[in-house]
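Report on the structure given below.
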Amino acid sequence: MSILIKNGRVIDPANGIDEVSDILIEGSTIKEVGKSLSAAAAQIIDASGLVVMPGLVDMHVHLRDPGQEHKEDIVTGTRAAVCGGVTSVVCMPNTSPVVDNKTVVEYIINKAAREGYCNVFPAGTITRGLAGGELAPIAGLKAAGAVAISDDGMPVKNSNVMRRAMEYAKNFDMLMICHSEDLELVNGGVMNEGEISTRLGLRGNPTVAESIAVARDCALAEYTGARVHITHISCAESVEVIRAAKTRGVNVTADTAPHYFSLTDAAVLGWNTNAKMNPPLRTADDVAAIIEGLRDGTIDAIATDHAPHHIDEKNVEFDLAMNGIIGLETSLSLGLTHLVRTGKLTLPQLVEKMSANPSRILGINRGTLAVGAAADVAIVDIEAKRMVDVANFKSKSKNSPFDGAELFGEVRNTIVAGKIVV
C-alpha cells in the first residue's frame with residue numbers, strides 16, 4: 001500500500017532538510033519527498049503542525065531475549081521502541097546464553113523478523129561468555145548478521161585482549177562498542193562518589209573509574225586504527241578524554257543516555273533504586289559537561305541503555321538492587337524537554353544524534369528520509385505535554401525514575417518499512 005504524509009515539518013539531518021513538505025511511501029521505501037504531492041489510493045496522514053523525522057535509531061538496548069524474558073523480550077521491547085518513535089535498535093549481547101556465536105545471532109534476527117515491531121540489529125560479544133579472555137569468533141558473528149561487538153555489562157579488563165580484539169575488529173570492519181570501566185576503581189561502589197553518597201552511607205563509584213578506562217580504550221583505538229565507540233559516558237572527564245582523542249584524529253565516537261543529561265545523583269536520595277544505574281548518575285557539573293559534549297559534537301549519539309528489570313530486582317536494599325532503567329518510551333521526550341526546549345540543542349541536532357549519527361556509526365542504511373531509503377518514519381507532536389505513567393508502558397518492566405514527570409513530545413505515528421505500527 002501507499003502512504004502519503006502531508007504538510008509536516010520534515011526534518012532529515014542526513015540531507016540537510018528542515019521544511020514543510022510531503023512524503024510519499026510506496027511499499028517499504030520512500031518514493032518521493034516534495035511539495036503538494038498526490039497519489040491515487042494512498043492512505044493520507046495529515047501531519048500539519050507535527051514534525052516528521054526519520055525513525056530513531058537506538059544503538060544500545062537490552063532486549064533480554066533469549067533467557068531473561070521475564071524482564072523483556074523481542075516482542076515487548078520492540079513494541080516499546082516504536083511507541084517512543086524508535087524504529088531500529090541494537091540489542092546488547094549479555095543475554096542467556098550470551099551472543100557469542102552465530103546460533104544466537106540468528107535466533108534474534110529470525111524472531112525479530114517474525115514477531116518484532118521494529119528493526120533489530122544484534123551486537124555480538126568481544127569475548128566468549130563475556131569472560132574477558134578468549135576472543136569471540138568476530139568474523140562468524142559478522143557473517144551471521146551482528147553489526148557490532150561489545151562486552152557491555154562487563155569491561156574487558158585485560159588491555160592486551162582488548163588490543164587483539166580491536167585488531168581483529170578492524171580486519172573485519174566491525175564496530176567495537178566499549179563499556180569503559182575500571183572495576184578495581186569501582187571497588188563495589190553503587191552510586192556516584194561524592195557528597196550524596198556520603199550522606200546516604202553508600203559506597204561511591206568515582207568518575208575516574210570511567211574516565212581512566214575511556215582513556216585506555218581511546219589510546220588502543222589510536223594505536224590499532226579500529227572503529228571504536230564509547231558508550232553511556234556519564235562524566236566531565238570522559239568528555240574531555242574523547243574530545244582530545246578526536247582532536248588527534250582518533251577514529252572514536254561516543255554516546256550518552258538521556259538520564260545523564262537530565263538527572264543528577266540527587267535522584268538517589270531516599271535510596272531510590274530506580275535511579276541506580278551503571279555508570280551512575282553524576283553531579284550537576286557532569287550534566288553540564290555532557291550537554292556541552294552533545295552541543296559541540298564530542299558526543300555523537302544519544303542511546304537509551306534500555307535495561308529492563310523485574311520489580312523484585314529493584315524493590316530491595318539499594319546495595320542489592322540491579323543496575324539500570326528502561327528508556328525507550330521516554331528518550332525522545334527527555335531530549336525535547338531538557339535539550340531542545342532549553343535551547344541547548346536545535347531540533348535538527350537532536351534528531352541527528354538520535355537517528356542519522358547512530359546509523360552512520362553502525363554502518364546501517366537507516367536514519368534518513370531520502371528517496372529510496374527504508375520507510376522508517378516517526379511523526380511527533382513536539383508541543384504536546386504528557387505525564388509519564390509507567391503503568392501504561394509497553395515494556396514488561398517499569399523501572400523508570402521518570403514516572404510522574406511532565407515531559408514534552410508525543411509520538412503520533414511510527415512507520416517501519418512502510419507499515420504503520422503506531
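Quick note on naming: the chains in the C-alpha cells go A, B, ... in the order shown, residues restart at 1 in each chain, and ligands are numbered from 1 in order of appearance.
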Do you have, as a tab-separated table, the list of residues of region 16-120 of chain A lying at most 12 Å from region 322-325 of chain A, each with its nearest atom pair and that distance in Å to one decimal, counting only C-alpha atoms and ordered by chain then number?
```
residue	atom	partner	partner_atom	distance
A:Val61	CA	A:Ile325	CA	10.7
A:His62	CA	A:Gly324	CA	10.0
A:Lys71	CA	A:Ile325	CA	11.5
```
Could you save those same residues with all heavy atoms as a CSV table (one decimal), in the first residue's frame?
```csv
chain,number,residue,atom,x,y,z
A,61,VAL,N,20.5,-1.1,23.5
A,61,VAL,CA,19.2,-1.6,24.1
A,61,VAL,C,19.4,-3.0,24.6
A,61,VAL,O,20.1,-3.8,23.9
A,61,VAL,CB,18.1,-1.6,23.0
A,61,VAL,CG1,16.8,-2.3,23.6
A,61,VAL,CG2,17.7,-0.1,22.6
A,62,HIS,N,18.9,-3.3,25.7
A,62,HIS,CA,18.8,-4.7,26.3
A,62,HIS,C,17.4,-5.2,26.1
A,62,HIS,O,16.5,-4.8,26.8
A,62,HIS,CB,19.3,-4.7,27.8
A,62,HIS,CG,20.6,-4.2,28.0
A,62,HIS,ND1,21.7,-5.0,28.0
A,62,HIS,CD2,21.1,-2.9,28.2
A,62,HIS,CE1,22.8,-4.3,28.2
A,62,HIS,NE2,22.5,-3.0,28.3
A,71,LYS,N,11.9,-10.2,32.1
A,71,LYS,CA,12.2,-8.8,32.2
A,71,LYS,C,11.7,-8.1,30.9
A,71,LYS,O,11.1,-7.0,31.0
A,71,LYS,CB,13.7,-8.6,32.3
A,71,LYS,CG,14.3,-9.2,33.5
A,71,LYS,CD,15.8,-8.8,33.6
A,71,LYS,CE,16.5,-9.4,34.8
A,71,LYS,NZ,17.8,-8.9,35.0
```
Among region 127-229 of chain A, which ones does DSSP assign to strand (DSSP E) (computed from the backbone)? Answer as a PDB file with N, CA, C and O atoms, in the first residue's frame.
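Wrote it out as part_36.pdb, contents follow:
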```pdb
ATOM      1  N   ALA A 148      27.933  -5.132  15.389  1.00  0.00           N
ATOM      2  CA  ALA A 148      28.960  -4.605  16.285  1.00  0.00           C
ATOM      3  C   ALA A 148      29.311  -5.686  17.287  1.00  0.00           C
ATOM      4  O   ALA A 148      28.624  -6.713  17.389  1.00  0.00           O
ATOM      5  N   ILE A 149      30.401  -5.455  18.033  1.00  0.00           N
ATOM      6  CA  ILE A 149      30.740  -6.342  19.146  1.00  0.00           C
ATOM      7  C   ILE A 149      30.897  -5.501  20.409  1.00  0.00           C
ATOM      8  O   ILE A 149      31.343  -4.355  20.361  1.00  0.00           O
ATOM      9  N   LEU A 175      32.452  -2.611  14.101  1.00  0.00           N
ATOM     10  CA  LEU A 175      32.442  -1.605  15.158  1.00  0.00           C
ATOM     11  C   LEU A 175      32.585  -2.263  16.522  1.00  0.00           C
ATOM     12  O   LEU A 175      31.917  -3.262  16.811  1.00  0.00           O
ATOM     13  N   MET A 176      33.431  -1.683  17.374  1.00  0.00           N
ATOM     14  CA  MET A 176      33.559  -2.155  18.748  1.00  0.00           C
ATOM     15  C   MET A 176      32.917  -1.130  19.685  1.00  0.00           C
ATOM     16  O   MET A 176      33.306   0.036  19.699  1.00  0.00           O
ATOM     17  N   ILE A 177      31.928  -1.575  20.441  1.00  0.00           N
ATOM     18  CA  ILE A 177      31.248  -0.710  21.414  1.00  0.00           C
ATOM     19  C   ILE A 177      31.817  -1.016  22.788  1.00  0.00           C
ATOM     20  O   ILE A 177      31.683  -2.131  23.297  1.00  0.00           O
ATOM     21  N   CYS A 178      32.445  -0.019  23.387  1.00  0.00           N
ATOM     22  CA  CYS A 178      33.206  -0.235  24.621  1.00  0.00           C
ATOM     23  C   CYS A 178      32.428   0.181  25.863  1.00  0.00           C
ATOM     24  O   CYS A 178      32.001   1.332  25.985  1.00  0.00           O
ATOM     25  N   MET A 191      26.862   4.032  43.681  1.00  0.00           N
ATOM     26  CA  MET A 191      26.389   5.304  43.154  1.00  0.00           C
ATOM     27  C   MET A 191      27.586   6.230  43.016  1.00  0.00           C
ATOM     28  O   MET A 191      28.699   5.871  43.399  1.00  0.00           O
ATOM     29  N   ASN A 192      27.384   7.408  42.474  1.00  0.00           N
ATOM     30  CA  ASN A 192      28.482   8.346  42.298  1.00  0.00           C
ATOM     31  C   ASN A 192      29.140   8.684  43.631  1.00  0.00           C
ATOM     32  O   ASN A 192      28.463   8.941  44.635  1.00  0.00           O
ATOM     33  N   GLY A 204      30.852   4.706  47.124  1.00  0.00           N
ATOM     34  CA  GLY A 204      30.865   5.508  45.913  1.00  0.00           C
ATOM     35  C   GLY A 204      31.639   4.901  44.764  1.00  0.00           C
ATOM     36  O   GLY A 204      32.618   4.175  44.956  1.00  0.00           O
ATOM     37  N   ASN A 205      31.197   5.224  43.566  1.00  0.00           N
ATOM     38  CA  ASN A 205      31.848   4.853  42.316  1.00  0.00           C
ATOM     39  C   ASN A 205      32.399   6.140  41.708  1.00  0.00           C
ATOM     40  O   ASN A 205      31.642   6.974  41.215  1.00  0.00           O
ATOM     41  N   VAL A 228      36.056   2.487  17.058  1.00  0.00           N
ATOM     42  CA  VAL A 228      35.714   2.279  18.468  1.00  0.00           C
ATOM     43  C   VAL A 228      34.649   3.283  18.883  1.00  0.00           C
ATOM     44  O   VAL A 228      34.748   4.474  18.580  1.00  0.00           O
ATOM     45  N   HIS A 229      33.650   2.778  19.578  1.00  0.00           N
ATOM     46  CA  HIS A 229      32.565   3.614  20.072  1.00  0.00           C
ATOM     47  C   HIS A 229      32.477   3.456  21.587  1.00  0.00           C
ATOM     48  O   HIS A 229      32.326   2.337  22.088  1.00  0.00           O
TER      49      HIS A 229
END
```
A:Val340, A:Ala219, A:Leu328, A:Ile233 ranked by distance to Val287 (chain A), top pick (using only C-alpha atoms): A:Ile233
Please tabulate, as a tab-separated table, the residues of region 45-91 of chain A that come within 12 Å of region 400-409 of chain A, each with its closest pair of atoms and the distance in Å to one decimal, counting only C-alpha atoms and ordering rows by chain, then residue number upward.
```
residue	atom	partner	partner_atom	distance
A:Leu50	CA	A:Gly409	CA	10.2
A:Val51	CA	A:Gly409	CA	10.2
A:Cys83	CA	A:Gly409	CA	11.7
A:Gly84	CA	A:Gly409	CA	9.6
A:Gly85	CA	A:Gly409	CA	10.4
```
Atoms kept (all heavy atoms) for selection, written as a compact mmCIF listing (two decimals), in the first residue's frame:
```txt
# COMPACT_ATOMS: atom_id res chain seq x y z
N LEU A 50 2.88 19.02 12.93
CA LEU A 50 3.68 17.95 13.52
C LEU A 50 5.05 17.89 12.86
O LEU A 50 5.27 18.46 11.79
CB LEU A 50 2.97 16.60 13.37
CG LEU A 50 1.54 16.53 13.91
CD1 LEU A 50 0.94 15.15 13.62
CD2 LEU A 50 1.49 16.84 15.40
N VAL A 51 5.97 17.20 13.49
CA VAL A 51 7.32 17.01 12.96
C VAL A 51 7.42 15.60 12.40
O VAL A 51 7.05 14.62 13.06
CB VAL A 51 8.39 17.24 14.04
CG1 VAL A 51 9.77 16.87 13.51
CG2 VAL A 51 8.38 18.69 14.50
N CYS A 83 6.69 2.81 20.19
CA CYS A 83 5.89 3.80 20.92
C CYS A 83 6.70 5.04 21.25
O CYS A 83 6.13 6.12 21.47
CB CYS A 83 5.30 3.18 22.18
SG CYS A 83 3.97 2.00 21.85
N GLY A 84 8.02 4.90 21.30
CA GLY A 84 8.91 6.03 21.51
C GLY A 84 9.48 6.62 20.24
O GLY A 84 10.39 7.46 20.30
N GLY A 85 8.98 6.18 19.08
CA GLY A 85 9.48 6.69 17.82
C GLY A 85 10.75 6.02 17.34
O GLY A 85 11.35 6.45 16.36
```
Contacts of region 396-398 of chain A at 8 Å or less, counting only C-alpha atoms, minus same-chain residues fewer than 2 places along, as a CSV table (one decimal) with all heavy atoms, in the first residue's frame?
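Result file result04.csv:
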```csv
chain,number,residue,atom,x,y,z
A,70,HIS,N,11.4,-12.8,31.4
A,70,HIS,CA,10.6,-12.3,32.5
A,70,HIS,C,10.8,-10.8,32.6
A,70,HIS,O,9.9,-10.1,33.2
A,70,HIS,CB,10.9,-13.0,33.8
A,70,HIS,CG,12.2,-12.8,34.3
A,70,HIS,ND1,13.4,-13.4,33.8
A,70,HIS,CD2,12.7,-12.1,35.4
A,70,HIS,CE1,14.4,-13.0,34.4
A,70,HIS,NE2,14.1,-12.2,35.4
A,71,LYS,N,11.9,-10.2,32.1
A,71,LYS,CA,12.2,-8.8,32.2
A,71,LYS,C,11.7,-8.1,30.9
A,71,LYS,O,11.1,-7.0,31.0
A,71,LYS,CB,13.7,-8.6,32.3
A,71,LYS,CG,14.3,-9.2,33.5
A,71,LYS,CD,15.8,-8.8,33.6
A,71,LYS,CE,16.5,-9.4,34.8
A,71,LYS,NZ,17.8,-8.9,35.0
A,72,GLU,N,12.0,-8.7,29.8
A,72,GLU,CA,11.6,-8.1,28.5
A,72,GLU,C,11.8,-9.2,27.4
A,72,GLU,O,12.5,-10.2,27.7
A,72,GLU,CB,12.6,-7.0,28.1
A,72,GLU,CG,12.2,-6.1,27.0
A,72,GLU,CD,11.1,-5.1,27.4
A,72,GLU,OE1,9.9,-5.5,27.5
A,72,GLU,OE2,11.4,-3.9,27.6
A,76,THR,N,8.0,-7.4,23.3
A,76,THR,CA,7.6,-6.2,24.1
A,76,THR,C,8.6,-5.1,24.0
A,76,THR,O,8.3,-3.9,24.0
A,76,THR,CB,7.5,-6.6,25.6
A,76,THR,OG1,8.8,-7.2,26.0
A,76,THR,CG2,6.4,-7.7,25.8
A,77,GLY,N,9.9,-5.5,23.8
A,77,GLY,CA,10.9,-4.4,23.7
A,77,GLY,C,10.8,-3.6,22.4
A,77,GLY,O,10.9,-2.4,22.5
A,308,PRO,N,15.7,-3.3,31.2
A,308,PRO,CA,14.6,-3.7,32.0
A,308,PRO,C,15.0,-4.7,33.1
A,308,PRO,O,15.8,-5.6,32.9
A,308,PRO,CB,13.7,-4.5,31.0
A,308,PRO,CG,14.3,-4.2,29.6
A,308,PRO,CD,15.8,-3.9,29.9
A,309,HIS,N,14.3,-4.5,34.3
A,309,HIS,CA,14.5,-5.4,35.4
A,309,HIS,C,13.1,-5.7,36.0
A,309,HIS,O,12.2,-4.8,36.1
A,309,HIS,CB,15.4,-4.8,36.5
A,309,HIS,CG,16.8,-4.8,36.0
A,309,HIS,ND1,17.6,-5.9,35.7
A,309,HIS,CD2,17.7,-3.7,35.8
A,309,HIS,CE1,18.8,-5.5,35.3
A,309,HIS,NE2,18.9,-4.2,35.4
A,310,HIS,N,12.9,-6.9,36.5
A,310,HIS,CA,11.7,-7.2,37.3
A,310,HIS,C,11.6,-6.4,38.6
A,310,HIS,O,12.7,-6.1,39.1
A,310,HIS,CB,11.7,-8.7,37.6
A,310,HIS,CG,10.4,-9.2,38.1
A,310,HIS,ND1,10.1,-9.2,39.4
A,310,HIS,CD2,9.3,-9.8,37.4
A,310,HIS,CE1,8.9,-9.7,39.6
A,310,HIS,NE2,8.4,-10.1,38.4
A,311,ILE,N,10.4,-6.1,39.0
A,311,ILE,CA,10.2,-5.3,40.2
A,311,ILE,C,11.0,-5.9,41.4
A,311,ILE,O,11.5,-5.2,42.3
A,311,ILE,CB,8.7,-5.1,40.5
A,311,ILE,CG1,8.6,-4.1,41.6
A,311,ILE,CG2,8.0,-6.4,40.8
A,311,ILE,CD1,7.1,-3.7,41.9
A,326,ILE,N,14.7,1.5,32.3
A,326,ILE,CA,14.1,1.5,30.9
A,326,ILE,C,14.1,2.9,30.4
A,326,ILE,O,14.1,3.9,31.1
A,326,ILE,CB,12.7,0.9,31.0
A,326,ILE,CG1,11.8,1.6,31.9
A,326,ILE,CG2,12.8,-0.6,31.3
A,326,ILE,CD1,10.3,1.2,31.8
A,390,VAL,N,4.3,4.9,34.0
A,390,VAL,CA,4.9,3.6,33.7
A,390,VAL,C,3.9,2.5,33.6
A,390,VAL,O,4.2,1.5,32.9
A,390,VAL,CB,6.1,3.2,34.6
A,390,VAL,CG1,7.2,4.2,34.6
A,390,VAL,CG2,5.6,3.0,36.1
A,391,ALA,N,2.8,2.6,34.2
A,391,ALA,CA,1.8,1.6,34.2
A,391,ALA,C,1.2,1.4,32.8
A,391,ALA,O,0.7,0.3,32.4
A,391,ALA,CB,0.6,1.9,35.1
A,393,PHE,N,3.2,1.8,30.0
A,393,PHE,CA,4.3,1.4,29.1
A,393,PHE,C,4.1,0.1,28.5
A,393,PHE,O,3.5,-0.8,29.1
A,393,PHE,CB,5.7,1.5,29.9
A,393,PHE,CG,6.3,2.8,30.1
A,393,PHE,CD1,5.6,4.0,29.7
A,393,PHE,CD2,7.5,3.0,30.6
A,393,PHE,CE1,6.1,5.2,29.9
A,393,PHE,CE2,8.1,4.2,30.8
A,393,PHE,CZ,7.4,5.4,30.4
A,394,LYS,N,4.6,-0.1,27.3
A,394,LYS,CA,4.6,-1.4,26.7
A,394,LYS,C,5.7,-2.3,27.1
A,394,LYS,O,5.5,-3.6,26.9
A,394,LYS,CB,4.6,-1.2,25.1
A,394,LYS,CG,3.6,-0.3,24.6
A,394,LYS,CD,2.2,-0.7,24.9
A,394,LYS,CE,1.1,0.2,24.3
A,394,LYS,NZ,-0.2,-0.1,24.8
A,400,SER,N,11.6,2.9,35.9
A,400,SER,CA,12.0,4.2,35.4
A,400,SER,C,11.9,5.3,36.5
A,400,SER,O,11.0,5.4,37.2
A,400,SER,CB,11.0,4.7,34.3
A,400,SER,OG,11.2,6.0,33.9
```
Go through region 42-136 of chain A residue by residue and, counting only C-alpha atoms, keep those with an atom at most 10 Å from region 367-378 of chain A; for each kept residue give the shortest atom pair and its distance in Å to one decimal, ordered by chain and increasing number, as JSON lines.
```
{"residue": "A:Val51", "atom": "CA", "partner": "A:Ala378", "partner_atom": "CA", "distance": 8.1}
{"residue": "A:Val52", "atom": "CA", "partner": "A:Ala378", "partner_atom": "CA", "distance": 5.9}
{"residue": "A:Met53", "atom": "CA", "partner": "A:Ala378", "partner_atom": "CA", "distance": 5.4}
{"residue": "A:Pro54", "atom": "CA", "partner": "A:Val377", "partner_atom": "CA", "distance": 4.7}
{"residue": "A:Gly55", "atom": "CA", "partner": "A:Val377", "partner_atom": "CA", "distance": 4.3}
{"residue": "A:Leu56", "atom": "CA", "partner": "A:Gly367", "partner_atom": "CA", "distance": 6.7}
{"residue": "A:Val57", "atom": "CA", "partner": "A:Gly367", "partner_atom": "CA", "distance": 6.7}
{"residue": "A:Val82", "atom": "CA", "partner": "A:Ala378", "partner_atom": "CA", "distance": 8.5}
{"residue": "A:Cys83", "atom": "CA", "partner": "A:Ala378", "partner_atom": "CA", "distance": 9.6}
{"residue": "A:Gly84", "atom": "CA", "partner": "A:Ala378", "partner_atom": "CA", "distance": 8.8}
{"residue": "A:Gly85", "atom": "CA", "partner": "A:Ala378", "partner_atom": "CA", "distance": 5.3}
{"residue": "A:Val86", "atom": "CA", "partner": "A:Ala378", "partner_atom": "CA", "distance": 7.7}
{"residue": "A:Thr87", "atom": "CA", "partner": "A:Asp376", "partner_atom": "CA", "distance": 6.2}
{"residue": "A:Ser88", "atom": "CA", "partner": "A:Asp376", "partner_atom": "CA", "distance": 8.5}
{"residue": "A:Cys118", "atom": "CA", "partner": "A:Asp376", "partner_atom": "CA", "distance": 8.9}
{"residue": "A:Asn119", "atom": "CA", "partner": "A:Asp376", "partner_atom": "CA", "distance": 9.3}
```
For C-alpha atoms, I'd like the residues from the last selection saved as a PDB file, in the first residue's frame.
```pdb
ATOM      1  CA  VAL A  51       7.317  17.009  12.959  1.00  0.00           C
ATOM      2  CA  VAL A  52       8.149  14.220  10.530  1.00  0.00           C
ATOM      3  CA  MET A  53      11.557  12.714  11.235  1.00  0.00           C
ATOM      4  CA  PRO A  54      13.497   9.561  10.405  1.00  0.00           C
ATOM      5  CA  GLY A  55      12.666   6.747  12.772  1.00  0.00           C
ATOM      6  CA  LEU A  56      15.064   6.908  15.713  1.00  0.00           C
ATOM      7  CA  VAL A  57      17.997   4.500  15.893  1.00  0.00           C
ATOM      8  CA  VAL A  82       8.063   2.089  18.304  1.00  0.00           C
ATOM      9  CA  CYS A  83       5.886   3.797  20.915  1.00  0.00           C
ATOM     10  CA  GLY A  84       8.905   6.035  21.513  1.00  0.00           C
ATOM     11  CA  GLY A  85       9.482   6.692  17.817  1.00  0.00           C
ATOM     12  CA  VAL A  86      12.387   4.226  17.662  1.00  0.00           C
ATOM     13  CA  THR A  87      12.381   2.107  14.504  1.00  0.00           C
ATOM     14  CA  SER A  88      15.782   0.405  14.839  1.00  0.00           C
ATOM     15  CA  CYS A 118      10.903  -2.647  14.529  1.00  0.00           C
ATOM     16  CA  ASN A 119      14.307  -3.433  13.039  1.00  0.00           C
TER      17      ASN A 119
END
```
Who sits within 12 Å of Lys102 (chain A), only C-alpha atoms, same chain under 6 positions skipped, as number ranges by chain: A: 93, 108-110, 122-125, 136-146
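For the residues A:Ser395, A:Val411, A:Ser211, A:Arg243, ranking by smallest atom-to-atom distance to Asp381 (chain A) using only C-alpha atoms places A:Val411 first.
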For CA of Arg341 (chain A) and CA of Ser262 (chain A), the interatomic separation in Å (one decimal): 12.6 Å
Long-range neighbours of region 20-25 of chain A as a ChimeraX atom specification, 10 Å cut-off, only C-alpha atoms, 3 positions minimum in chain: /A:1-11,17,28-39,42-52,369-377,415,417-419
